[in-house]
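Source file: entry-v7.csv. Holds: CSV, C-alpha atoms and all ligand atoms.
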chain,number,residue,atom,x,y,z
A,433,SER,CA,3.2,20.9,17.3
A,434,PRO,CA,1.9,21.4,20.9
A,435,ALA,CA,4.0,18.5,22.0
A,436,SER,CA,7.3,20.0,20.8
A,437,THR,CA,6.3,23.4,22.4
A,438,ALA,CA,5.7,21.7,25.7
A,439,GLN,CA,9.0,19.9,25.3
A,440,ALA,CA,10.8,23.2,24.7
A,441,ASP,CA,9.1,24.9,27.6
A,442,ARG,CA,10.9,22.5,30.0
A,443,TYR,CA,14.1,24.3,29.3
A,444,SER,CA,15.2,27.8,30.4
A,445,TRP,CA,16.8,30.3,28.0
A,446,HIS,CA,20.4,31.0,27.2
A,447,LEU,CA,20.0,34.6,26.1
A,448,ASP,CA,23.7,35.5,26.0
A,449,ALA,CA,23.8,33.9,22.5
A,450,ALA,CA,21.5,34.0,19.5
A,451,VAL,CA,21.7,32.3,16.1
A,452,ALA,CA,20.7,33.6,12.6
A,453,PHE,CA,20.2,30.7,10.2
A,454,ASP,CA,20.4,31.2,6.5
A,455,ILE,CA,17.8,29.1,4.7
A,456,ASP,CA,18.8,28.1,1.2
A,457,GLY,CA,22.0,26.0,1.1
A,458,VAL,CA,22.0,25.7,4.9
A,459,LEU,CA,18.6,24.3,6.1
A,460,VAL,CA,17.1,23.3,2.8
A,461,ARG,CA,18.0,22.8,-0.8
A,462,GLY,CA,15.1,23.7,-3.1
A,463,LYS,CA,12.1,22.0,-1.6
A,464,ARG,CA,14.1,19.4,0.3
A,465,ALA,CA,15.0,19.8,4.0
A,466,LEU,CA,18.5,18.8,5.0
A,467,ASP,CA,18.5,16.2,7.9
A,468,GLU,CA,21.3,18.2,9.6
A,469,GLY,CA,19.0,21.2,9.5
A,470,ARG,CA,16.2,19.3,11.3
A,471,ARG,CA,18.7,18.2,14.0
A,472,ALA,CA,20.3,21.7,14.2
A,473,LEU,CA,17.0,23.4,14.9
A,474,LYS,CA,16.0,20.8,17.5
A,475,MET,CA,19.3,21.4,19.3
A,476,LEU,CA,18.3,25.1,19.8
A,477,SER,CA,15.1,24.0,21.5
A,478,GLY,CA,17.1,22.8,24.5
A,479,ASP,CA,18.3,19.4,23.3
A,480,ASN,CA,22.0,20.3,23.6
A,481,ALA,CA,25.0,20.3,26.0
A,482,LEU,CA,23.9,23.6,27.6
A,483,ASN,CA,20.5,22.1,28.3
A,484,LYS,CA,19.0,25.5,27.4
A,485,ARG,CA,17.1,27.0,24.6
A,486,ILE,CA,18.9,29.5,22.4
A,487,PRO,CA,17.0,32.1,20.6
A,488,PHE,CA,17.2,32.1,16.8
A,489,VAL,CA,15.9,33.8,13.7
A,490,LEU,CA,15.8,32.6,10.1
A,491,MET,CA,17.5,35.2,7.9
A,492,THR,CA,17.2,34.6,4.2
A,493,ASN,CA,17.7,36.6,1.1
A,494,GLY,CA,14.7,34.7,-0.3
A,495,GLY,CA,11.2,36.3,-0.3
A,496,GLY,CA,8.2,36.6,-2.5
A,497,VAL,CA,6.0,35.3,0.3
A,498,SER,CA,4.9,36.8,3.6
A,499,GLU,CA,7.0,36.1,6.8
A,500,ALA,CA,4.1,34.0,8.1
A,501,ALA,CA,4.0,31.9,5.0
A,502,LYS,CA,7.7,31.3,5.1
A,503,ALA,CA,7.5,30.4,8.8
A,504,ALA,CA,4.8,27.9,8.1
A,505,ASP,CA,6.7,26.4,5.2
A,506,ILE,CA,9.9,26.0,7.1
A,507,SER,CA,8.1,24.7,10.2
A,508,GLN,CA,6.5,22.0,8.1
A,509,LEU,CA,9.7,21.1,6.2
A,510,LEU,CA,11.9,21.0,9.3
A,511,GLY,CA,9.5,19.8,11.9
A,512,VAL,CA,10.2,22.6,14.3
A,513,GLU,CA,7.7,25.3,15.2
A,514,ILE,CA,8.8,28.7,13.8
A,515,ASP,CA,7.0,31.9,14.4
A,516,ALA,CA,6.6,34.6,11.8
A,517,ARG,CA,8.4,37.0,14.2
A,518,GLN,CA,11.5,34.8,13.7
A,519,VAL,CA,11.7,35.3,10.0
A,520,VAL,CA,13.8,38.0,8.2
A,521,LEU,CA,13.1,37.9,4.4
A,522,SER,CA,15.1,40.0,2.0
A,523,HIS,CA,12.3,42.5,1.8
A,524,SER,CA,11.2,42.5,5.5
A,525,PRO,CA,13.0,45.7,6.4
A,526,MET,CA,11.5,47.4,3.3
A,527,GLN,CA,8.3,47.8,5.3
A,528,ALA,CA,10.0,50.8,6.9
A,529,LEU,CA,9.7,52.6,3.5
A,530,ALA,CA,5.9,52.4,3.7
A,531,ALA,CA,6.0,55.4,6.0
A,532,ARG,CA,7.5,57.5,3.2
A,533,TYR,CA,5.4,56.0,0.3
A,534,SER,CA,2.1,55.0,2.0
A,535,ASP,CA,-0.1,56.7,-0.7
A,536,ASP,CA,2.5,57.1,-3.4
A,537,HIS,CA,2.3,55.1,-6.6
A,538,VAL,CA,5.0,52.4,-6.4
A,539,LEU,CA,6.0,49.8,-9.1
A,540,VAL,CA,6.5,46.5,-7.3
A,541,VAL,CA,8.6,44.0,-9.3
A,542,GLY,CA,9.3,40.3,-8.8
A,543,GLY,CA,7.6,37.0,-8.0
A,544,VAL,CA,4.7,35.1,-9.4
A,545,GLY,CA,1.3,36.7,-10.1
A,546,HIS,CA,0.5,39.6,-7.9
A,547,ARG,CA,1.8,38.1,-4.7
A,548,CYS,CA,4.5,40.7,-4.2
A,549,ALA,CA,1.9,43.5,-4.7
A,550,ASP,CA,-0.1,41.9,-1.9
A,551,ILE,CA,3.0,41.7,0.3
A,552,ALA,CA,3.7,45.4,-0.3
A,553,ARG,CA,0.1,46.2,0.6
A,554,ALA,CA,0.4,44.2,3.8
A,555,TYR,CA,3.5,46.3,4.6
A,556,GLY,CA,1.5,49.5,4.2
A,557,PHE,CA,2.0,50.6,0.6
A,558,ARG,CA,-1.5,51.5,-0.4
A,559,ASN,CA,-0.9,52.4,-4.1
A,560,VAL,CA,1.0,49.7,-5.9
A,561,SER,CA,1.2,48.4,-9.5
A,562,THR,CA,3.2,45.6,-11.1
A,563,PRO,CA,4.8,45.3,-14.6
A,564,ASN,CA,2.0,42.8,-15.4
A,565,ASP,CA,-0.6,45.6,-14.7
A,566,VAL,CA,1.2,47.9,-17.1
A,567,VAL,CA,1.2,45.2,-19.9
A,568,ALA,CA,-2.6,44.7,-19.3
A,569,TRP,CA,-3.0,48.5,-19.7
A,570,ARG,CA,-1.1,48.6,-23.0
A,571,PRO,CA,0.0,45.2,-24.4
A,572,SER,CA,2.4,46.8,-26.9
A,573,ALA,CA,4.5,47.9,-23.9
A,574,TRP,CA,5.8,44.3,-23.9
A,575,PRO,CA,4.6,42.6,-27.0
A,576,PHE,CA,6.2,39.2,-26.3
A,577,MET,CA,3.6,37.9,-24.0
A,578,ARG,CA,-0.1,37.2,-24.0
A,579,PRO,CA,-1.9,40.3,-22.4
A,580,PRO,CA,-2.9,39.4,-18.9
A,581,GLU,CA,-6.6,39.1,-18.0
A,582,GLY,CA,-8.6,40.8,-15.3
A,583,GLY,CA,-8.1,38.1,-12.6
A,584,GLN,CA,-4.3,38.3,-13.0
A,585,LEU,CA,-4.1,42.0,-12.1
A,586,SER,CA,-2.8,43.2,-8.8
A,587,ASP,CA,-6.0,45.1,-8.1
A,588,PRO,CA,-8.8,44.2,-10.5
A,589,ASP,CA,-11.0,46.9,-9.1
A,590,ARG,CA,-8.7,49.8,-9.8
A,591,LYS,CA,-8.7,50.9,-13.4
A,592,ARG,CA,-5.6,53.0,-14.1
A,593,ASP,CA,-4.4,55.1,-17.0
A,594,TYR,CA,-0.6,54.9,-16.5
A,595,ALA,CA,-0.1,57.9,-18.8
A,596,ARG,CA,-1.7,60.0,-16.0
A,597,ASP,CA,-0.5,58.1,-13.0
A,598,PRO,CA,3.3,58.7,-12.5
A,599,PHE,CA,5.4,56.4,-10.3
A,600,ARG,CA,7.2,57.7,-7.2
A,601,ALA,CA,9.5,54.7,-6.7
A,602,VAL,CA,10.4,51.3,-8.0
A,603,MET,CA,10.8,48.4,-5.6
A,604,VAL,CA,12.2,45.0,-6.6
A,605,LEU,CA,10.8,42.7,-3.9
A,606,HIS,CA,11.8,39.4,-5.3
A,607,ASP,CA,13.4,37.5,-8.3
A,608,SER,CA,12.0,38.5,-11.6
A,609,PHE,CA,9.9,35.7,-13.1
A,610,ASP,CA,10.1,37.5,-16.5
A,611,PHE,CA,13.5,39.3,-17.0
A,612,GLY,CA,12.6,40.7,-20.4
A,613,ARG,CA,9.3,42.3,-19.4
A,614,ASP,CA,10.6,43.6,-16.1
A,615,LEU,CA,13.8,45.1,-17.7
A,616,GLN,CA,11.6,46.9,-20.2
A,617,ILE,CA,9.0,48.2,-17.7
A,618,VAL,CA,11.5,49.2,-15.0
A,619,THR,CA,13.8,51.1,-17.4
A,620,ASP,CA,10.7,52.7,-18.9
A,621,VAL,CA,9.6,54.1,-15.5
A,622,LEU,CA,13.1,55.1,-14.5
A,623,ARG,CA,13.9,57.1,-17.6
A,624,SER,CA,10.5,58.5,-18.6
A,625,ARG,CA,9.9,62.2,-17.8
A,626,ASP,CA,8.4,62.4,-14.3
A,627,ALA,CA,8.4,58.6,-14.2
A,628,THR,CA,5.2,58.7,-16.3
A,629,LEU,CA,4.8,55.8,-18.7
A,630,GLY,CA,4.6,56.8,-22.3
A,631,ALA,CA,6.2,60.2,-21.7
A,632,GLU,CA,9.4,61.1,-23.5
A,633,PHE,CA,12.6,59.5,-22.4
A,634,VAL,CA,14.9,61.9,-20.5
A,635,ASN,CA,17.7,59.5,-19.9
A,636,LYS,CA,18.2,60.5,-16.3
A,637,GLN,CA,16.7,58.7,-13.4
A,638,SER,CA,13.2,59.9,-12.6
A,639,ALA,CA,12.4,57.8,-9.5
A,640,PRO,CA,14.4,56.0,-6.8
A,641,LEU,CA,15.1,52.3,-7.1
A,642,TYR,CA,15.0,49.9,-4.2
A,643,LEU,CA,16.4,46.4,-4.5
A,644,SER,CA,15.8,43.6,-1.9
A,645,ASN,CA,18.5,41.0,-2.6
A,646,ALA,CA,21.9,41.5,-4.2
A,647,ASP,CA,22.8,37.7,-4.4
A,648,LEU,CA,24.2,37.0,-7.9
A,649,ILE,CA,23.8,33.3,-7.2
A,650,PHE,CA,22.1,31.0,-4.7
A,651,SER,CA,21.9,27.3,-4.1
A,652,ASN,CA,18.9,25.0,-4.6
A,653,ASP,CA,18.7,21.3,-5.5
A,654,TYR,CA,20.4,21.8,-8.9
A,655,PRO,CA,24.0,20.6,-8.8
A,656,GLN,CA,25.4,24.1,-9.6
A,657,PRO,CA,24.3,27.6,-8.2
A,658,ARG,CA,21.4,29.4,-9.9
A,659,PHE,CA,20.9,33.1,-10.8
A,660,GLY,CA,19.7,35.1,-7.8
A,661,GLN,CA,18.0,38.6,-7.9
A,662,GLY,CA,21.5,40.1,-8.3
A,663,ALA,CA,21.6,38.6,-11.8
A,664,PHE,CA,18.6,40.8,-12.6
A,665,HIS,CA,20.4,43.8,-11.2
A,666,VAL,CA,23.4,43.1,-13.5
A,667,CYS,CA,21.1,43.0,-16.5
A,668,LEU,CA,19.2,46.1,-15.4
A,669,ARG,CA,22.5,48.1,-14.9
A,670,ALA,CA,23.7,46.9,-18.3
A,671,MET,CA,20.5,47.9,-20.1
A,672,TRP,CA,20.5,51.3,-18.2
A,673,ASP,CA,24.0,52.0,-19.3
A,674,ALA,CA,23.4,51.0,-22.9
A,675,LEU,CA,20.2,53.1,-23.1
A,676,THR,CA,21.3,56.2,-21.2
A,677,ARG,CA,25.0,56.1,-22.1
A,678,GLY,CA,26.3,56.6,-18.7
A,679,ALA,CA,23.8,58.4,-16.5
A,680,PRO,CA,24.3,56.9,-13.0
A,681,LEU,CA,21.7,54.4,-11.8
A,682,GLU,CA,21.2,55.2,-8.1
A,683,HIS,CA,19.7,52.5,-5.9
A,684,THR,CA,19.3,51.4,-2.3
A,685,CYS,CA,19.9,47.8,-1.4
A,686,PHE,CA,18.3,45.7,1.2
A,687,GLY,CA,19.1,42.1,2.1
A,688,LYS,CA,22.3,40.5,3.3
A,689,PRO,CA,25.1,41.7,3.4
A,690,PHE,CA,23.8,45.2,4.1
A,691,ALA,CA,23.7,46.6,7.6
A,692,VAL,CA,19.9,47.4,7.4
A,693,GLN,CA,19.2,43.6,7.5
A,694,TYR,CA,21.4,43.0,10.6
A,695,ASP,CA,19.8,45.9,12.5
A,696,PHE,CA,16.4,44.5,11.7
A,697,ALA,CA,17.4,40.9,12.8
A,698,GLU,CA,18.8,42.3,16.0
A,699,ARG,CA,15.5,44.0,16.8
A,700,LEU,CA,13.7,40.7,16.2
A,701,LEU,CA,16.1,39.0,18.6
A,702,ASP,CA,15.5,41.7,21.2
A,703,GLN,CA,11.8,41.2,21.0
A,704,LEU,CA,12.2,37.4,21.1
A,705,ALA,CA,14.3,37.8,24.3
A,706,LEU,CA,11.6,40.0,25.9
A,707,ARG,CA,8.9,37.5,25.0
A,708,ALA,CA,11.0,34.7,26.4
A,709,VAL,CA,12.0,36.4,29.7
A,710,PRO,CA,10.0,39.6,30.2
A,711,SER,CA,12.3,40.9,33.0
A,712,THR,CA,15.3,41.0,30.6
A,713,ASP,CA,17.4,44.1,30.9
A,714,MET,CA,17.7,44.8,27.2
A,715,ASP,CA,20.6,47.3,27.5
A,716,GLN,CA,22.7,44.8,29.4
A,717,LEU,CA,21.7,42.0,27.1
A,718,CYS,CA,22.6,43.8,23.9
A,719,ASN,CA,26.1,44.6,25.3
A,720,ARG,CA,26.9,41.0,26.1
A,721,ARG,CA,24.9,39.0,23.5
A,722,ARG,CA,26.9,37.1,20.9
A,723,VAL,CA,25.1,36.6,17.6
A,724,TYR,CA,26.2,33.7,15.4
A,725,ALA,CA,25.3,33.6,11.7
A,726,ILE,CA,25.3,30.3,9.8
A,727,GLY,CA,25.5,30.7,6.0
A,728,ASP,CA,26.6,29.1,2.8
A,729,ASN,CA,27.3,32.3,0.7
A,730,PRO,CA,30.5,34.1,1.7
A,731,ALA,CA,29.5,37.3,-0.3
A,732,ALA,CA,26.2,37.6,1.5
A,733,ASP,CA,26.0,35.7,4.8
A,734,ILE,CA,29.7,35.9,5.9
A,735,ALA,CA,30.5,39.4,4.6
A,736,GLY,CA,27.3,40.7,6.3
A,737,ALA,CA,27.8,38.9,9.6
A,738,ASN,CA,31.5,40.0,9.8
A,739,GLY,CA,30.4,43.6,9.1
A,740,ALA,CA,27.8,43.5,11.8
A,741,GLY,CA,30.3,42.2,14.4
A,742,TRP,CA,28.6,38.8,14.6
A,743,THR,CA,30.5,35.5,14.6
A,744,SER,CA,30.2,33.9,11.2
A,745,VAL,CA,30.0,30.1,10.5
A,746,LEU,CA,30.4,29.0,6.9
A,747,VAL,CA,28.9,25.6,5.8
A,748,ARG,CA,29.8,23.5,2.8
A,749,THR,CA,26.2,22.5,1.7
A,750,GLY,CA,25.5,25.4,-0.6
A,751,VAL,CA,27.2,28.1,-2.6
A,752,PHE,CA,30.7,27.8,-1.0
A,753,ASN,CA,32.7,25.0,-2.6
A,754,GLY,CA,36.2,25.5,-1.4
A,755,GLU,CA,38.3,22.4,-0.6
A,756,PRO,CA,37.8,20.9,2.9
A,757,GLY,CA,39.9,22.7,5.4
A,758,THR,CA,39.9,26.0,3.4
A,759,ASN,CA,38.1,29.3,4.1
A,760,ASP,CA,36.7,31.9,1.7
A,761,PRO,CA,39.7,34.2,0.8
A,762,ALA,CA,37.5,37.3,0.2
A,763,ASN,CA,35.2,36.9,3.1
A,764,PRO,CA,36.7,34.6,5.6
A,765,ALA,CA,34.3,33.1,8.2
A,766,THR,CA,35.2,32.8,11.9
A,767,MET,CA,34.6,29.0,11.5
A,768,VAL,CA,34.1,26.7,8.5
A,769,VAL,CA,32.2,23.4,9.0
A,770,ASP,CA,30.7,20.7,6.8
A,771,HIS,CA,27.0,21.4,7.6
A,772,VAL,CA,24.6,23.3,9.9
A,773,GLU,CA,24.5,20.6,12.6
A,774,ASP,CA,28.2,20.9,13.0
A,775,ALA,CA,27.8,24.6,13.1
A,776,VAL,CA,25.3,24.5,16.0
A,777,SER,CA,27.5,21.9,17.9
A,778,TRP,CA,30.4,24.3,17.6
A,779,ILE,CA,28.3,27.2,18.8
A,780,VAL,CA,27.0,25.3,21.8
A,781,ALA,CA,30.6,24.2,22.6
A,782,THR,CA,31.8,27.8,22.4
A,783,GLU,CA,29.0,28.9,24.7
A,784,LEU,CA,29.6,26.1,27.3
B,1,LIG,O1,16.6,33.5,-3.7
B,1,LIG,C1,17.1,33.2,-2.4
B,1,LIG,C2,18.6,33.3,-2.4
B,1,LIG,O2,19.1,34.4,-3.1
B,1,LIG,C3,19.2,33.2,-1.0
B,1,LIG,O3,18.5,32.6,0.0
B,1,LIG,O4,18.3,31.6,2.2
B,1,LIG,O5,20.4,31.4,1.0
B,1,LIG,O6,19.7,33.7,1.9
B,1,LIG,P1,19.3,32.3,1.4
B,2,MG,MG,22.1,30.5,1.4
Kindly return the structure encoded in the file as C-alpha cells.
Ligand code: G3P
Ligand code: MG
Amino acid sequence: SPASTAQADRYSWHLDAAVAFDIDGVLVRGKRALDEGRRALKMLSGDNALNKRIPFVLMTNGGGVSEAAKAADISQLLGVEIDARQVVLSHSPMQALAARYSDDHVLVVGGVGHRCADIARAYGFRNVSTPNDVVAWRPSAWPFMRPPEGGQLSDPDRKRDYARDPFRAVMVLHDSFDFGRDLQIVTDVLRSRDATLGAEFVNKQSAPLYLSNADLIFSNDYPQPRFGQGAFHVCLRAMWDALTRGAPLEHTCFGKPFAVQYDFAERLLDQLALRAVPSTDMDQLCNRRRVYAIGDNPAADIAGANGAGWTSVLVRTGVFNGEPGTNDPANPATMVVDHVEDAVSWIVATEL
C-alpha cells in the first residue's frame, strides 16, 4: 500500500547484505501465509535493529504463473508490497532460451489450461504448443481424456497439423497436471523421427529437453510433503528407459539448486540496488555483498545457496523435519532456526 511504501522510504538502505526468501514452506504453506513470514518481510523494510532496509528477492521453485502475478499474490497474502522484479520463479531464467528458439516450435508442458503457453509467449517464444493441443489434434494420442474444445487450446486461431510441424525443443515449465498424458506426449516428441508426431519411433532423443524444477517433494498445507516437478522427471526417465532400453535422456535443469538460478537472482539484486541507490558502484558492491538464502528444502535451497557461496539458513516449517538442534547431514546449512522470523533476526544480528 502507499502507506507502507512511505514508511519504508523513511529508511536508508543496507546494501552490503541481501536476502533470498524461499516461498513454500518458508513464507506460506499452501494458500496460508505464516505470521512469521509477515513479520520477517516487514523487518526488511527497515523495522529492525539496523534501522535500514535490506534488499530481498523471493526465489521459489514454484511457477506456472507470471512473475507479476506471483508478486501480486504474495503481496496480498503477506501484506508487504513486492515488485515483479523481486521474483525468481523456477522458469524465470528460461526466458534466456527465447533468443535461441524465438520462432522454433516448442512443446510447453505443465500447469493448468494454457497458462504456461502464455508465459512462454510473454518470454518471447513465438511458436508454442501444449500436450493439450496435441490431444485436440488427434484424440487417440491420449484416449483417456475427453478431447479438449477450441476455447481450451493454447492458440485457438492457429490450426496445426502436428504430423507436418516438428518440434525443436520440449520445455517443462511447471508441475504436470496430467502425468499420464504428459508422459505420453513428451516421450512421443522425444523419440519420434525428427521430433515429428506420428512419425516412426527411433528410440534416440530427437529434441532437447529443458526442465524448470527438480524438487522431488515440496511442502504445502498437507501434513506430509507432496510430489514436486521432480516426481514427474523420475517417471519420465523411467518411461524413457523402459521404452528405449537405455538410450540416454539428455536434459538441462533450471531452478534451485542449479547455478543458473543464483546468477539470475544476483542480477535482480544488482538491479534492485541500482534502483535503490543509483550512485552504487556495482563492482565494489558485488565484491562485498553477502547474500543470505532462507529455505526449507536442504536439497534445493541449502545445496544451491552453499554452491553459490551464499550464507544458507534452514527453517523447520517445511520439508526439513530433523530433530531440533540438528542440521541436514547431506546439505548442512550455515544456520538452522525454527522459522523465517528467527532467520531474519539472525541475519540482522550478523549484519549489526
Ligand atoms: O512447486 C513448488 C515447490 O517445488 C517449491 O517451492 O517456494 O519451496 O521453492 P519453493
Ligand atoms: Mg520451500
>> Taking all atoms listed in the file into account, name the residue in A:Leu643, A:Ile486, A:Ile617, A:Leu521 that is nearest to Pro575 in chain A.
In response: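 With all atoms listed in the file as the atom set, the closest residue is A:Ile617.
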>> With only C-alpha atoms as the counted atoms, please give the residues lying no more than 10 Å from Lys484 in chain A, apart from itself and same-chain residues fewer than 4 positions off, as a ChimeraX atom specification.
In response: /A:440-447,475-480,780
For the selection just defined, write its residues with C-alpha atoms to a file, as an mmCIF file, in the coordinates of the input.
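As written to disk, again-v2.cif reads:
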data_model
loop_
_atom_site.group_PDB
_atom_site.id
_atom_site.type_symbol
_atom_site.label_atom_id
_atom_site.label_comp_id
_atom_site.auth_asym_id
_atom_site.auth_seq_id
_atom_site.Cartn_x
_atom_site.Cartn_y
_atom_site.Cartn_z
ATOM 1 C CA ALA A 440 10.800 23.200 24.700
ATOM 2 C CA ASP A 441 9.100 24.900 27.600
ATOM 3 C CA ARG A 442 10.900 22.500 30.000
ATOM 4 C CA TYR A 443 14.100 24.300 29.300
ATOM 5 C CA SER A 444 15.200 27.800 30.400
ATOM 6 C CA TRP A 445 16.800 30.300 28.000
ATOM 7 C CA HIS A 446 20.400 31.000 27.200
ATOM 8 C CA LEU A 447 20.000 34.600 26.100
ATOM 9 C CA MET A 475 19.300 21.400 19.300
ATOM 10 C CA LEU A 476 18.300 25.100 19.800
ATOM 11 C CA SER A 477 15.100 24.000 21.500
ATOM 12 C CA GLY A 478 17.100 22.800 24.500
ATOM 13 C CA ASP A 479 18.300 19.400 23.300
ATOM 14 C CA ASN A 480 22.000 20.300 23.600
ATOM 15 C CA VAL A 780 27.000 25.300 21.800
#
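With a cut-off of 7 Å and using only C-alpha atoms and all ligand atoms, the polymer residues contacting ligand MG 2 (chain B) are Asp454, Ile455, Asp456, Gly457, Val458, Thr492, Phe650, Ser651, Gly727, Asp728, Asn729, Gly750 and Val751 of chain A.
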> Mind listing as a PyMOL selection string all residues within 12 Å of (26.4, 21.9, 11.0), counting only C-alpha atoms?
Replying inline: chain A and resi 453-454+457-459+466-473+475+725-728+745-749+767-780
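Remark: for Ser498 in chain A, the closest of the candidate residues A:Leu615, A:Leu706, A:Ala552, A:Ala639 is A:Ala552 (distances computed over only C-alpha atoms).
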>> If we count only C-alpha atoms and set the cut-off at 9 Å, which residues sit around range 680-682 of chain A, ignoring sequence neighbours fewer than 5 positions away in its own chain? Please answer as an NGL selection string.
In response: :A and (636-637 or 640-641 or 669 or 672-673)
>> Could you list, as a ChimeraX atom specification, every residue within 6 Å of Val519 in chain A, counting only C-alpha atoms and ignoring same-chain residues fewer than 3 positions away?
In response: /A:489-490,499,516
Can you write just those residues out, C-alpha atoms, as a compact mmCIF listing (two decimals), keeping the file's coordinate frame?
# COMPACT_ATOMS: atom_id res chain seq x y z
CA VAL A 489 15.90 33.80 13.70
CA LEU A 490 15.80 32.60 10.10
CA GLU A 499 7.00 36.10 6.80
CA ALA A 516 6.60 34.60 11.80
> Nearest to Ile514 in chain A: which of A:Val560, A:Ala500, A:Ile734, A:Ala601 is it, counting all atoms listed in the file?
Replying inline: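 The answer is A:Ala500, which sits nearest to Ile514 in chain A.
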>> With distances taken over only C-alpha atoms, which residue among A:Leu585, A:Val604, A:Ala568, A:Ala631 lies nearest His546 in chain A?
In response: A:Leu585
>> If I take CA of Phe557 in chain A and CA of Phe686 in chain A, how far is one from the other in Å, to one decimal?
In response: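 Those two atoms sit 17.0 Å apart.
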>> Taking 2 positions as the minimum chain separation for residues in the same chain, which residues sit within 10 Å of Gly543 in chain A when counting only C-alpha atoms? Answer as an MDAnalysis selection string.
In response: chainID A and resid 495:497 540:541 545:549 604:610
>> Could you check the closest approach to Arg590 in chain A for each of A:Phe488, A:Tyr533, A:Phe576, A:Trp569 and tell me which residue wins, using only C-alpha atoms?
In response: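 Using only C-alpha atoms, Arg590 in chain A sits closest to A:Trp569.
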> Any idea what's packed within 8 Å of Pro764 in chain A, counting only C-alpha atoms, ignoring anything in its chain fewer than 3 positions away? Could you give it as a ChimeraX atom specification?
Replying inline: /A:730,734-735,759-761
N, CA and C atoms for range 654-672 of chain A, written as a short mmCIF file (atom, residue, chain, number, x, y, z; two decimals), in the frame of the given file, could you do that?
data_model
loop_
_atom_site.label_atom_id
_atom_site.label_comp_id
_atom_site.auth_asym_id
_atom_site.auth_seq_id
_atom_site.Cartn_x
_atom_site.Cartn_y
_atom_site.Cartn_z
N TYR A 654 19.55 21.98 -7.71
CA TYR A 654 20.40 21.80 -8.90
C TYR A 654 21.83 21.65 -8.51
N PRO A 655 22.60 20.85 -9.27
CA PRO A 655 24.00 20.60 -8.80
C PRO A 655 24.84 21.90 -8.76
N GLN A 656 24.55 22.89 -9.59
CA GLN A 656 25.40 24.10 -9.60
C GLN A 656 24.48 25.32 -9.19
N PRO A 657 25.10 26.40 -8.62
CA PRO A 657 24.30 27.60 -8.20
C PRO A 657 23.47 28.16 -9.31
N ARG A 658 22.35 28.76 -8.93
CA ARG A 658 21.40 29.40 -9.90
C ARG A 658 21.45 30.89 -9.76
N PHE A 659 20.96 31.60 -10.80
CA PHE A 659 20.90 33.10 -10.80
C PHE A 659 20.01 33.52 -9.59
N GLY A 660 20.49 34.51 -8.85
CA GLY A 660 19.70 35.10 -7.80
C GLY A 660 19.15 36.49 -8.35
N GLN A 661 18.54 37.27 -7.44
CA GLN A 661 18.00 38.60 -7.90
C GLN A 661 19.13 39.49 -8.36
N GLY A 662 20.35 39.27 -7.83
CA GLY A 662 21.50 40.10 -8.30
C GLY A 662 21.77 39.95 -9.76
N ALA A 663 21.42 38.81 -10.33
CA ALA A 663 21.60 38.60 -11.80
C ALA A 663 20.69 39.58 -12.55
N PHE A 664 19.50 39.79 -12.01
CA PHE A 664 18.60 40.80 -12.60
C PHE A 664 19.16 42.18 -12.52
N HIS A 665 19.79 42.49 -11.38
CA HIS A 665 20.40 43.80 -11.20
C HIS A 665 21.49 44.05 -12.25
N VAL A 666 22.31 43.01 -12.48
CA VAL A 666 23.40 43.10 -13.50
C VAL A 666 22.81 43.47 -14.84
N CYS A 667 21.75 42.76 -15.20
CA CYS A 667 21.10 43.00 -16.50
C CYS A 667 20.49 44.41 -16.54
N LEU A 668 19.88 44.81 -15.44
CA LEU A 668 19.20 46.10 -15.40
C LEU A 668 20.28 47.24 -15.54
N ARG A 669 21.40 47.09 -14.83
CA ARG A 669 22.50 48.10 -14.90
C ARG A 669 23.01 48.15 -16.37
N ALA A 670 23.19 46.96 -16.97
CA ALA A 670 23.70 46.90 -18.30
C ALA A 670 22.77 47.58 -19.31
N MET A 671 21.49 47.31 -19.17
CA MET A 671 20.50 47.90 -20.10
C MET A 671 20.45 49.44 -19.82
N TRP A 672 20.49 49.83 -18.56
CA TRP A 672 20.50 51.30 -18.20
C TRP A 672 21.63 51.98 -18.85
#
